[in-house]
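Structure file input.csv (CSV, C-alpha atoms) is printed below.
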```
chain,number,residue,atom,x,y,z
A,16,MET,CA,114.3,-106.4,-38.5
A,17,THR,CA,114.1,-108.6,-41.6
A,18,PHE,CA,111.5,-111.4,-41.7
A,19,ALA,CA,111.6,-114.6,-43.8
A,20,ALA,CA,109.7,-114.6,-47.0
A,21,GLY,CA,106.1,-115.7,-46.4
A,22,GLN,CA,106.4,-115.2,-42.6
A,23,ALA,CA,103.4,-113.5,-41.0
A,24,ILE,CA,104.3,-111.1,-38.1
A,25,ALA,CA,100.7,-110.4,-37.2
A,26,GLN,CA,97.7,-112.8,-37.3
A,27,LEU,CA,94.2,-112.3,-36.1
A,28,THR,CA,91.4,-114.9,-36.2
A,29,VAL,CA,87.7,-113.8,-36.0
A,30,ALA,CA,84.9,-116.3,-35.6
A,31,ASP,CA,82.3,-114.1,-37.1
A,32,ALA,CA,83.3,-111.2,-39.4
A,33,ARG,CA,79.9,-109.8,-40.2
A,34,SER,CA,80.1,-106.8,-37.9
A,35,LEU,CA,83.6,-106.0,-39.2
A,36,VAL,CA,82.4,-106.3,-42.8
A,37,GLY,CA,79.4,-104.1,-42.2
A,38,ALA,CA,81.6,-101.5,-40.6
A,39,LEU,CA,84.0,-101.5,-43.5
A,40,HIS,CA,81.3,-101.2,-46.0
A,41,ALA,CA,80.0,-98.2,-44.2
A,42,LEU,CA,83.4,-96.6,-44.5
A,43,LYS,CA,83.6,-97.7,-48.2
A,44,THR,CA,80.3,-96.0,-48.9
A,45,SER,CA,81.5,-92.8,-47.3
A,46,ALA,CA,84.8,-93.0,-49.3
A,47,SER,CA,83.0,-93.7,-52.6
A,48,SER,CA,80.5,-90.9,-52.1
A,49,SER,CA,83.2,-88.5,-51.1
A,50,SER,CA,85.4,-89.2,-54.1
A,51,SER,CA,82.6,-89.4,-56.7
A,52,SER,CA,82.2,-85.6,-57.0
A,53,SER,CA,83.6,-84.2,-60.2
A,54,LYS,CA,84.2,-80.8,-58.7
A,55,PRO,CA,86.9,-79.7,-56.2
A,56,VAL,CA,85.6,-79.0,-52.7
A,57,THR,CA,86.6,-75.8,-51.0
A,58,SER,CA,87.3,-75.9,-47.3
A,59,ALA,CA,89.4,-73.9,-44.8
A,60,ALA,CA,92.3,-76.1,-45.8
A,61,GLY,CA,92.0,-74.9,-49.4
A,62,PRO,CA,90.7,-76.6,-52.6
A,63,THR,CA,91.1,-80.3,-52.9
A,64,GLN,CA,90.9,-82.3,-56.1
A,65,PRO,CA,88.7,-85.5,-56.3
A,66,SER,CA,90.3,-88.8,-56.7
A,67,SER,CA,89.6,-91.4,-59.4
A,68,GLY,CA,87.1,-93.2,-57.2
A,69,GLY,CA,86.6,-95.2,-54.1
A,70,THR,CA,88.6,-98.2,-55.4
A,71,ARG,CA,91.9,-96.3,-54.9
A,72,VAL,CA,91.1,-94.8,-51.4
A,73,ALA,CA,93.6,-96.1,-48.9
A,74,CYS,CA,92.9,-96.6,-45.3
A,75,SER,CA,95.4,-97.0,-42.4
A,76,VAL,CA,95.3,-100.4,-40.7
A,77,THR,CA,96.9,-101.2,-37.3
A,78,LEU,CA,97.0,-104.8,-36.0
A,79,SER,CA,98.1,-105.1,-32.4
A,80,SER,CA,97.8,-107.1,-29.2
A,81,GLU,CA,95.0,-104.7,-28.3
A,82,GLY,CA,92.9,-105.6,-31.4
A,83,ALA,CA,92.5,-103.9,-34.8
A,84,HIS,CA,92.1,-100.3,-35.8
A,85,LEU,CA,91.3,-98.9,-39.2
A,86,GLN,CA,91.1,-95.2,-40.2
A,87,TRP,CA,90.2,-93.2,-43.2
A,88,ASP,CA,89.9,-89.4,-43.7
A,89,ASP,CA,87.8,-88.0,-46.6
A,90,GLU,CA,89.5,-85.7,-49.1
A,91,THR,CA,87.9,-82.5,-47.7
A,92,LYS,CA,89.4,-83.2,-44.3
A,93,SER,CA,86.0,-82.6,-42.8
A,94,LEU,CA,85.0,-86.3,-42.1
A,95,GLN,CA,87.2,-88.9,-40.3
A,96,SER,CA,86.1,-92.5,-40.0
A,97,GLN,CA,87.5,-95.2,-37.7
A,98,VAL,CA,86.7,-98.8,-36.9
A,99,MET,CA,88.1,-100.2,-33.6
A,100,LEU,CA,87.8,-103.8,-32.6
A,101,ARG,CA,89.1,-104.8,-29.2
A,102,ARG,CA,90.9,-108.1,-28.7
A,103,GLU,CA,87.8,-109.8,-27.2
A,104,ALA,CA,86.3,-109.7,-30.8
A,105,PHE,CA,89.0,-112.2,-31.9
A,106,SER,CA,89.3,-115.8,-31.0
A,107,ASP,CA,93.1,-115.6,-31.4
A,108,ILE,CA,95.7,-112.8,-31.8
A,109,TYR,CA,99.4,-113.4,-32.6
A,110,ILE,CA,102.0,-110.6,-32.9
A,111,HIS,CA,105.6,-111.6,-33.4
A,112,HIS,CA,107.6,-111.0,-30.2
A,113,SER,CA,110.2,-108.8,-32.0
A,114,VAL,CA,107.6,-106.3,-33.3
A,115,ALA,CA,108.1,-102.8,-31.7
A,116,ASP,CA,105.2,-101.9,-29.3
A,117,ARG,CA,103.5,-105.2,-30.4
A,118,LYS,CA,101.7,-103.4,-33.3
A,119,VAL,CA,102.1,-103.0,-37.0
A,120,THR,CA,100.6,-100.3,-39.3
A,121,PHE,CA,100.2,-100.3,-43.0
A,122,GLY,CA,98.0,-98.9,-45.8
A,123,VAL,CA,95.6,-100.9,-47.9
A,124,GLY,CA,92.9,-100.2,-50.5
A,125,LEU,CA,89.6,-99.7,-48.6
A,126,SER,CA,87.4,-101.1,-51.2
A,127,HIS,CA,89.6,-104.1,-51.9
A,128,LEU,CA,89.7,-104.9,-48.1
A,129,ALA,CA,85.9,-104.4,-47.6
A,130,ASP,CA,85.0,-106.5,-50.7
A,131,THR,CA,87.4,-109.3,-49.9
A,132,LEU,CA,86.3,-109.6,-46.3
A,133,SER,CA,82.6,-109.5,-47.5
A,134,LEU,CA,83.2,-112.4,-49.9
A,135,PHE,CA,85.0,-114.5,-47.3
A,136,SER,CA,82.4,-113.7,-44.6
A,137,SER,CA,79.5,-114.9,-46.9
A,138,GLU,CA,81.4,-118.1,-47.7
A,139,SER,CA,82.6,-118.8,-44.1
A,140,SER,CA,79.5,-120.7,-42.8
A,141,GLY,CA,80.8,-123.9,-41.2
A,142,SER,CA,84.4,-122.7,-41.3
A,143,GLU,CA,86.7,-122.5,-38.4
A,144,GLY,CA,86.8,-118.7,-38.6
A,145,MET,CA,88.5,-116.2,-40.7
A,146,THR,CA,92.3,-115.5,-40.3
A,147,ILE,CA,93.9,-112.2,-41.3
A,148,SER,CA,97.7,-112.3,-41.6
A,149,TYR,CA,100.1,-109.6,-42.4
A,150,ASN,CA,103.5,-110.3,-44.1
A,151,PRO,CA,105.8,-107.4,-44.4
A,152,GLY,CA,108.3,-109.2,-46.6
A,153,ASP,CA,109.2,-108.5,-50.2
A,154,GLU,CA,105.6,-109.1,-51.4
A,155,ARG,CA,104.0,-106.9,-48.6
A,156,GLN,CA,100.7,-108.7,-48.5
A,157,LEU,CA,97.7,-109.1,-46.3
A,158,GLN,CA,96.2,-112.6,-46.5
A,159,ILE,CA,92.6,-113.5,-45.8
A,160,GLU,CA,92.0,-117.2,-45.2
A,161,THR,CA,89.3,-119.6,-44.2
A,162,ARG,CA,89.4,-123.4,-43.6
A,163,SER,CA,86.3,-125.6,-43.8
A,164,PRO,CA,85.8,-129.3,-43.5
A,165,LEU,CA,84.6,-130.8,-46.8
A,166,GLY,CA,81.1,-132.2,-46.5
A,167,SER,CA,78.8,-132.1,-43.5
A,168,ALA,CA,80.2,-135.1,-41.6
A,169,GLU,CA,81.5,-134.6,-38.1
A,170,PRO,CA,85.3,-134.8,-38.0
A,171,ALA,CA,86.7,-138.1,-36.7
A,172,SER,CA,88.3,-138.1,-33.3
A,173,ASP,CA,90.7,-141.0,-33.8
A,174,ALA,CA,94.1,-140.5,-35.4
A,175,ALA,CA,93.4,-142.4,-38.6
A,176,GLY,CA,90.1,-140.5,-39.1
A,177,GLU,CA,91.8,-137.2,-38.4
A,178,ALA,CA,94.6,-138.0,-40.9
A,179,GLY,CA,92.0,-138.7,-43.6
A,180,ARG,CA,90.0,-135.5,-42.9
A,181,VAL,CA,89.6,-133.3,-46.0
A,182,GLU,CA,89.5,-129.5,-45.7
A,183,VAL,CA,88.8,-126.7,-48.1
A,184,ASN,CA,91.3,-123.9,-47.7
A,185,ALA,CA,90.3,-120.6,-49.4
A,186,TYR,CA,92.5,-117.6,-49.3
A,187,ALA,CA,93.2,-114.2,-51.0
A,188,LYS,CA,96.1,-111.9,-50.9
A,189,ILE,CA,95.9,-108.1,-51.0
A,190,GLY,CA,98.9,-105.9,-51.7
A,191,VAL,CA,99.5,-103.3,-49.1
A,192,HIS,CA,101.1,-99.9,-49.3
A,193,ALA,CA,104.7,-99.5,-48.2
A,194,ASP,CA,103.9,-96.3,-46.4
A,195,PRO,CA,100.5,-96.0,-44.6
A,196,PRO,CA,98.5,-92.8,-45.0
A,197,ASN,CA,99.7,-90.2,-42.6
A,198,TYR,CA,96.6,-89.8,-40.5
A,199,VAL,CA,96.2,-88.3,-37.0
A,200,ASP,CA,93.3,-88.8,-34.6
A,201,TRP,CA,91.3,-85.6,-34.6
A,202,THR,CA,89.9,-86.4,-31.1
A,203,ASP,CA,93.5,-85.8,-29.8
A,204,SER,CA,92.7,-82.1,-30.0
A,205,TRP,CA,89.1,-82.4,-28.8
A,206,GLN,CA,88.0,-79.2,-27.1
A,207,MET,CA,86.2,-79.3,-23.8
A,208,PRO,CA,83.6,-78.9,-22.3
A,209,GLU,CA,81.7,-81.3,-24.5
A,210,THR,CA,78.0,-82.0,-24.8
A,211,SER,CA,77.0,-85.7,-25.2
A,212,PHE,CA,74.1,-88.1,-25.1
A,213,CYS,CA,73.2,-91.7,-26.2
A,214,VAL,CA,70.2,-92.6,-28.3
A,215,ARG,CA,69.0,-95.7,-30.1
A,216,SER,CA,70.8,-95.8,-33.5
A,217,VAL,CA,67.7,-96.5,-35.5
A,218,LEU,CA,66.0,-93.4,-34.0
A,219,LEU,CA,68.9,-91.1,-34.8
A,220,ARG,CA,69.2,-92.4,-38.3
A,221,GLU,CA,65.5,-91.9,-39.0
A,222,ALA,CA,65.6,-88.4,-37.6
A,223,VAL,CA,68.4,-87.3,-39.9
A,224,GLU,CA,66.9,-89.1,-43.0
A,225,ASP,CA,63.6,-87.2,-42.5
A,226,LEU,CA,65.6,-83.9,-43.1
A,227,GLU,CA,66.5,-84.8,-46.7
A,228,TRP,CA,63.5,-83.0,-48.1
A,229,PRO,CA,64.5,-79.4,-47.3
A,230,GLY,CA,67.8,-80.0,-49.2
A,231,GLY,CA,69.9,-77.8,-47.0
A,232,SER,CA,72.5,-78.2,-44.2
A,233,VAL,CA,71.4,-79.8,-40.9
A,234,THR,CA,71.6,-77.8,-37.6
A,235,LEU,CA,71.9,-79.7,-34.3
A,236,SER,CA,70.5,-77.8,-31.4
A,237,VAL,CA,70.9,-78.9,-27.8
A,238,ASP,CA,69.4,-77.2,-24.7
A,239,ARG,CA,70.2,-77.9,-21.1
A,240,ASN,CA,67.0,-76.6,-19.5
A,241,PRO,CA,64.6,-77.9,-20.4
A,242,PRO,CA,66.5,-80.9,-21.9
A,243,ARG,CA,66.1,-80.8,-25.7
A,244,VAL,CA,67.9,-82.2,-28.7
A,245,GLU,CA,66.6,-81.1,-32.1
A,246,PHE,CA,67.7,-81.4,-35.7
A,247,LEU,CA,66.7,-78.6,-38.1
A,248,SER,CA,67.1,-78.1,-41.8
A,249,SER,CA,66.0,-75.4,-44.3
A,250,GLY,CA,66.4,-75.1,-48.0
A,251,ALA,CA,63.5,-75.6,-50.4
A,252,GLY,CA,61.4,-75.7,-47.2
A,253,SER,CA,62.1,-76.0,-43.5
A,254,LEU,CA,61.7,-79.0,-41.1
A,255,SER,CA,62.7,-79.9,-37.6
A,256,VAL,CA,62.8,-83.2,-35.8
A,257,LYS,CA,63.0,-83.4,-32.0
A,258,LEU,CA,64.4,-86.5,-30.3
A,259,PRO,CA,62.0,-87.7,-27.5
A,260,GLU,CA,63.4,-86.8,-24.1
A,261,SER,CA,62.5,-90.3,-22.9
A,262,GLU,CA,64.9,-91.8,-25.6
A,263,LEU,CA,67.9,-89.7,-24.5
A,264,VAL,CA,70.4,-91.5,-22.2
A,265,GLY,CA,73.0,-89.7,-20.2
A,266,LEU,CA,72.4,-86.2,-21.6
A,267,SER,CA,75.3,-84.0,-20.5
A,268,CYS,CA,75.5,-80.4,-21.6
A,269,GLY,CA,78.7,-78.5,-21.6
A,270,GLN,CA,76.8,-75.3,-22.4
A,271,ASP,CA,73.3,-74.0,-21.7
A,272,HIS,CA,72.6,-73.8,-25.4
A,273,LEU,CA,74.5,-75.3,-28.3
A,274,ARG,CA,73.9,-74.9,-32.0
A,275,HIS,CA,76.0,-76.0,-35.0
A,276,ALA,CA,75.4,-76.7,-38.7
A,277,TYR,CA,76.7,-79.7,-40.6
A,278,SER,CA,76.6,-81.0,-44.2
A,279,PHE,CA,73.6,-83.2,-44.6
A,280,LYS,CA,75.3,-85.6,-47.0
A,281,ARG,CA,78.2,-86.2,-44.7
A,282,LEU,CA,76.1,-86.4,-41.6
A,283,ARG,CA,73.9,-89.1,-43.3
A,284,ARG,CA,77.1,-91.1,-44.1
A,285,THR,CA,77.9,-91.3,-40.4
A,286,LEU,CA,74.5,-93.0,-39.8
A,287,VAL,CA,74.7,-96.0,-42.1
A,288,ALA,CA,73.1,-98.9,-40.4
A,289,GLN,CA,75.9,-101.0,-38.7
A,290,GLU,CA,73.7,-103.9,-37.5
A,291,GLN,CA,70.1,-105.1,-37.3
A,292,ASP,CA,69.9,-104.7,-33.5
A,293,LEU,CA,67.0,-102.2,-33.0
A,294,GLU,CA,68.2,-101.6,-29.4
A,295,ALA,CA,71.8,-100.7,-30.3
A,296,LEU,CA,72.9,-97.3,-29.0
A,297,THR,CA,74.9,-94.6,-30.6
A,298,LYS,CA,76.8,-92.0,-28.6
A,299,VAL,CA,76.8,-88.5,-29.9
A,300,SER,CA,79.4,-85.9,-28.6
A,301,ILE,CA,79.9,-82.3,-29.6
A,302,SER,CA,83.1,-80.5,-28.7
A,303,ALA,CA,83.2,-76.9,-27.5
A,304,ASP,CA,84.1,-75.8,-31.1
A,305,GLY,CA,81.3,-77.9,-32.7
A,306,ALA,CA,83.2,-81.0,-33.9
A,307,LEU,CA,80.6,-83.8,-33.9
A,308,ARG,CA,81.7,-87.3,-32.9
A,309,ILE,CA,79.3,-90.2,-33.6
A,310,MET,CA,80.2,-93.6,-32.1
A,311,HIS,CA,78.3,-96.8,-33.0
A,312,MET,CA,78.7,-99.8,-30.8
A,313,LEU,CA,79.4,-103.2,-32.5
A,314,SER,CA,78.7,-106.7,-31.3
A,315,ALA,CA,80.5,-109.8,-32.6
A,316,SER,CA,80.6,-113.5,-32.0
A,317,GLN,CA,83.6,-113.9,-29.7
A,318,GLY,CA,85.9,-116.7,-29.0
A,319,PRO,CA,87.4,-117.7,-25.6
A,320,ARG,CA,88.9,-114.3,-25.0
A,321,ALA,CA,85.5,-112.9,-24.6
A,322,GLN,CA,85.1,-114.8,-21.3
A,323,ASN,CA,88.2,-113.1,-19.8
A,324,ARG,CA,87.9,-109.4,-19.4
A,325,HIS,CA,91.0,-108.9,-17.3
A,326,HIS,CA,93.4,-107.8,-20.1
A,327,GLY,CA,93.8,-104.2,-19.1
A,328,ALA,CA,93.3,-102.9,-22.6
A,329,THR,CA,92.9,-99.2,-23.0
A,330,PHE,CA,91.6,-99.7,-26.5
A,331,TYR,CA,92.7,-96.5,-28.0
A,332,GLY,CA,91.4,-94.5,-25.1
A,333,ASN,CA,87.8,-95.9,-25.3
A,334,ASP,CA,88.0,-98.5,-22.5
A,335,ASN,CA,85.7,-96.5,-20.2
A,336,TYR,CA,83.2,-96.4,-23.1
A,337,PHE,CA,83.0,-100.2,-23.2
A,338,SER,CA,82.8,-100.4,-19.4
A,339,SER,CA,79.6,-98.3,-19.5
A,340,GLN,CA,76.4,-99.9,-18.4
A,341,HIS,CA,75.0,-98.9,-21.9
A,342,ALA,CA,77.5,-101.1,-23.7
A,343,PRO,CA,77.2,-104.7,-22.4
A,344,GLY,CA,78.8,-107.2,-24.7
A,345,ARG,CA,80.1,-104.7,-27.2
A,346,THR,CA,83.4,-105.5,-28.7
A,347,GLY,CA,83.9,-102.7,-31.2
A,348,ILE,CA,83.3,-99.1,-32.2
A,349,VAL,CA,82.6,-97.4,-35.5
A,350,GLN,CA,83.5,-93.8,-35.0
A,351,TYR,CA,83.0,-90.7,-37.2
A,352,VAL,CA,84.2,-87.2,-36.5
A,353,LEU,CA,82.5,-84.5,-38.6
A,354,LEU,CA,83.6,-80.9,-38.6
A,355,PRO,CA,80.9,-78.1,-38.6
A,356,LEU,CA,80.1,-75.8,-41.4
A,357,SER,CA,81.4,-72.2,-41.1
A,358,ALA,CA,79.2,-69.2,-41.3
A,359,SER,CA,79.7,-69.1,-45.1
A,360,GLY,CA,78.5,-72.6,-45.4
A,361,THR,CA,81.9,-74.2,-46.2
A,362,THR,CA,83.4,-76.9,-44.1
A,363,ALA,CA,86.1,-75.9,-41.6
A,364,GLY,CA,88.7,-78.4,-42.8
A,365,PHE,CA,91.0,-80.0,-40.2
```

Let me see the structure of the file written as structure tokens.
Amino acid sequence: MTFAAGQAIAQLTVADARSLVGALHALKTSASSSSSSSKPVTSAAGPTQPSSGGTRVACSVTLSSEGAHLQWDDETKSLQSQVMLRREAFSDIYIHHSVADRKVTFGVGLSHLADTLSLFSSESSGSEGMTISYNPGDERQLQIETRSPLGSAEPASDAAGEAGRVEVNAYAKIGVHADPPNYVDWTDSWQMPETSFCVRSVLLREAVEDLEWPGGSVTLSVDRNPPRVEFLSSGAGSLSVKLPESELVGLSCGQDHLRHAYSFKRLRRTLVAQEQDLEALTKVSISADGALRIMHMLSASQGPRAQNRHHGATFYGNDNYFSSQHAPGRTGIVQYVLLPLSASGTTAGF
């Protein structure tokens, strides 16, 4: 179907974009770090050449009646990153009635999107929220817009006062890619049985950061009996960090003993702080073949939709995760899937 020039077919309004901005900058950091290497990286998928930098890294964006979904795969095909915001995170969602499956997907520069949203989020104090609109016409643009009343005076309620109201309208347009990156969700081929647990995000991050000194890979070891989760690293020296059993929530072991190694640098990228909530939980899952999934929960200031939970959204297969007693009030997920290192120390590319 052809749409009129300038016509937006998808439009989402968010009252507070700080959580989304933080999540995108975490992905941007991963992308920039991944593409900054001057040497090709060898994986099971073969050698891959580095790109010219994070500014040209494209992510896939889907806007739908369910919410928003962004995905990026690193060049080595060993780390996949996703941001998923359910519709309760938005004060308003509009998808044109003629759009197939009520969703649109396109590609956009990850750094451009993260930096633009960051700028508008910092300037949106006192605004009526941030609106994200997608126009698939000839210009193929994503528009970011905020509206704010000029001055601190309260808006007049009478017709004459409303007519004389002055607003500041700030917007930016980002060019999108005609063809989005051809990404697939690695969890679609997730092998069971899995091992999983929840732990406070800050504790998990500190445990991994403590392993920087040895300079080697990081091994995650999980035991069923007695319950034990430990990170180990060896290189210039050796070090191990055991997570306190009292801090582990819902530990479920698919095997009596599990042990897999991961790249320290890539593992650390998955633990970039998403928010300042010291009680925020991160869910860690390990598949039968060692793929590591790390899910950070996001909070956001919600609009009226947050008061009505009866939308039946599956939210990309994660609805049960949000229904968990450990995720009250959470409206989004930042998810990373990291593949394990092979016996030779190289990453088993997807």

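Closest approach to A:Arg283 from the set A:Thr120, A:Ser255, A:Gln97, A:Ser232 is made by A:Ser232, with distances taken over all atoms listed in the file.
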
Residues proximal to (92.5, -115.2, -48.3) were defined as those with any atom within 6 Å of that point in the file's coordinates, counting only C-alpha atoms. Which are they, as a short mmCIF file (atom, residue, chain, number, x, y, z; two decimals) with C-alpha atoms, in the coordinates of the input?
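Saved result, selection31.cif, follows:
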```cif
data_model
loop_
_atom_site.label_atom_id
_atom_site.label_comp_id
_atom_site.auth_asym_id
_atom_site.auth_seq_id
_atom_site.Cartn_x
_atom_site.Cartn_y
_atom_site.Cartn_z
CA GLN A 158 96.20 -112.60 -46.50
CA ILE A 159 92.60 -113.50 -45.80
CA GLU A 160 92.00 -117.20 -45.20
CA ALA A 185 90.30 -120.60 -49.40
CA TYR A 186 92.50 -117.60 -49.30
CA ALA A 187 93.20 -114.20 -51.00
CA LYS A 188 96.10 -111.90 -50.90
#
```

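The neighbours of A:Leu94 here are the residues that come within 9 Å of it, using all atoms listed in the file and leaving out any residue fewer than 6 positions away in the same chain; they are Trp87, Asp88, Arg281, Leu282, Thr285, Tyr351, Val352, Leu353, Leu354, Gly364 and Phe365 of chain A.
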
(message) Under the rule that only C-alpha atoms are counted, which of A:Ala276, A:Met145, A:Leu219, A:Cys268 is the nearest residue to A:Met207?
(response) A:Cys268

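Those residues that approach A:Ser204 to within 12 Å, counting only C-alpha atoms, are Val199, Asp200, Trp201, Thr202, Gln206, Met207, Ser302, Ala303, Asp304, Ala306, Val352 and Phe365 of chain A; same-chain residues fewer than 2 positions away are not listed.
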
(message) Could you list, as a PyMOL selection string, every residue within 8 Å of A:Ala25, counting only C-alpha atoms and ignoring same-chain residues fewer than 6 positions away?
(response) chain A and resi 78-79+108-111+119+148-150

So that I can check the surroundings of A:Leu100, please list as a PDB file with C-alpha atoms, in the coordinates of the input every protein, DNA and RNA residue that reaches within 8 Å of it, counting only C-alpha atoms and ignoring chain neighbours fewer than 5 positions away.
```
ATOM      1  CA  GLY A  82      92.900-105.600 -31.400  1.00  0.00           C
ATOM      2  CA  ALA A  83      92.500-103.900 -34.800  1.00  0.00           C
ATOM      3  CA  HIS A  84      92.100-100.300 -35.800  1.00  0.00           C
ATOM      4  CA  THR A 346      83.400-105.500 -28.700  1.00  0.00           C
ATOM      5  CA  GLY A 347      83.900-102.700 -31.200  1.00  0.00           C
ATOM      6  CA  ILE A 348      83.300 -99.100 -32.200  1.00  0.00           C
TER       7      ILE A 348
END
```

(request) May I ask which of the residues A:His40, A:Arg102, A:Arg162, A:Lys257 is the closest one to A:Asn184, counting only C-alpha atoms? (result) A:Arg162

(request) Tell me which of A:Ala30, A:Val76, A:Ser163, A:Pro259 sits closest to A:Ser106, counting all atoms listed in the file. (result) A:Ala30

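With only C-alpha atoms as the basis for measurement, A:Arg308 is the residue among A:Lys298, A:Arg308, A:Arg215, A:Arg101 that approaches A:Tyr277 most closely.
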
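Picture a line from atom CA of A:Gly250 to atom CA of A:Ala358; it runs 15.6 Å.
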
(request) Write out as a ChimeraX atom specification which residues come within 12 Å of A:Met310 when counting only C-alpha atoms, dropping same-chain ones fewer than 3 positions away. (result) /A:38,95-99,211-216,219,285-287,289,295-301,307,313,333,336-337,342,347-353

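Minimum atom-to-atom distances from A:Leu42, A:Leu273, A:Val264, A:Val29 to A:Pro208 were compared using all atoms listed in the file, and the lowest value belongs to A:Leu273.
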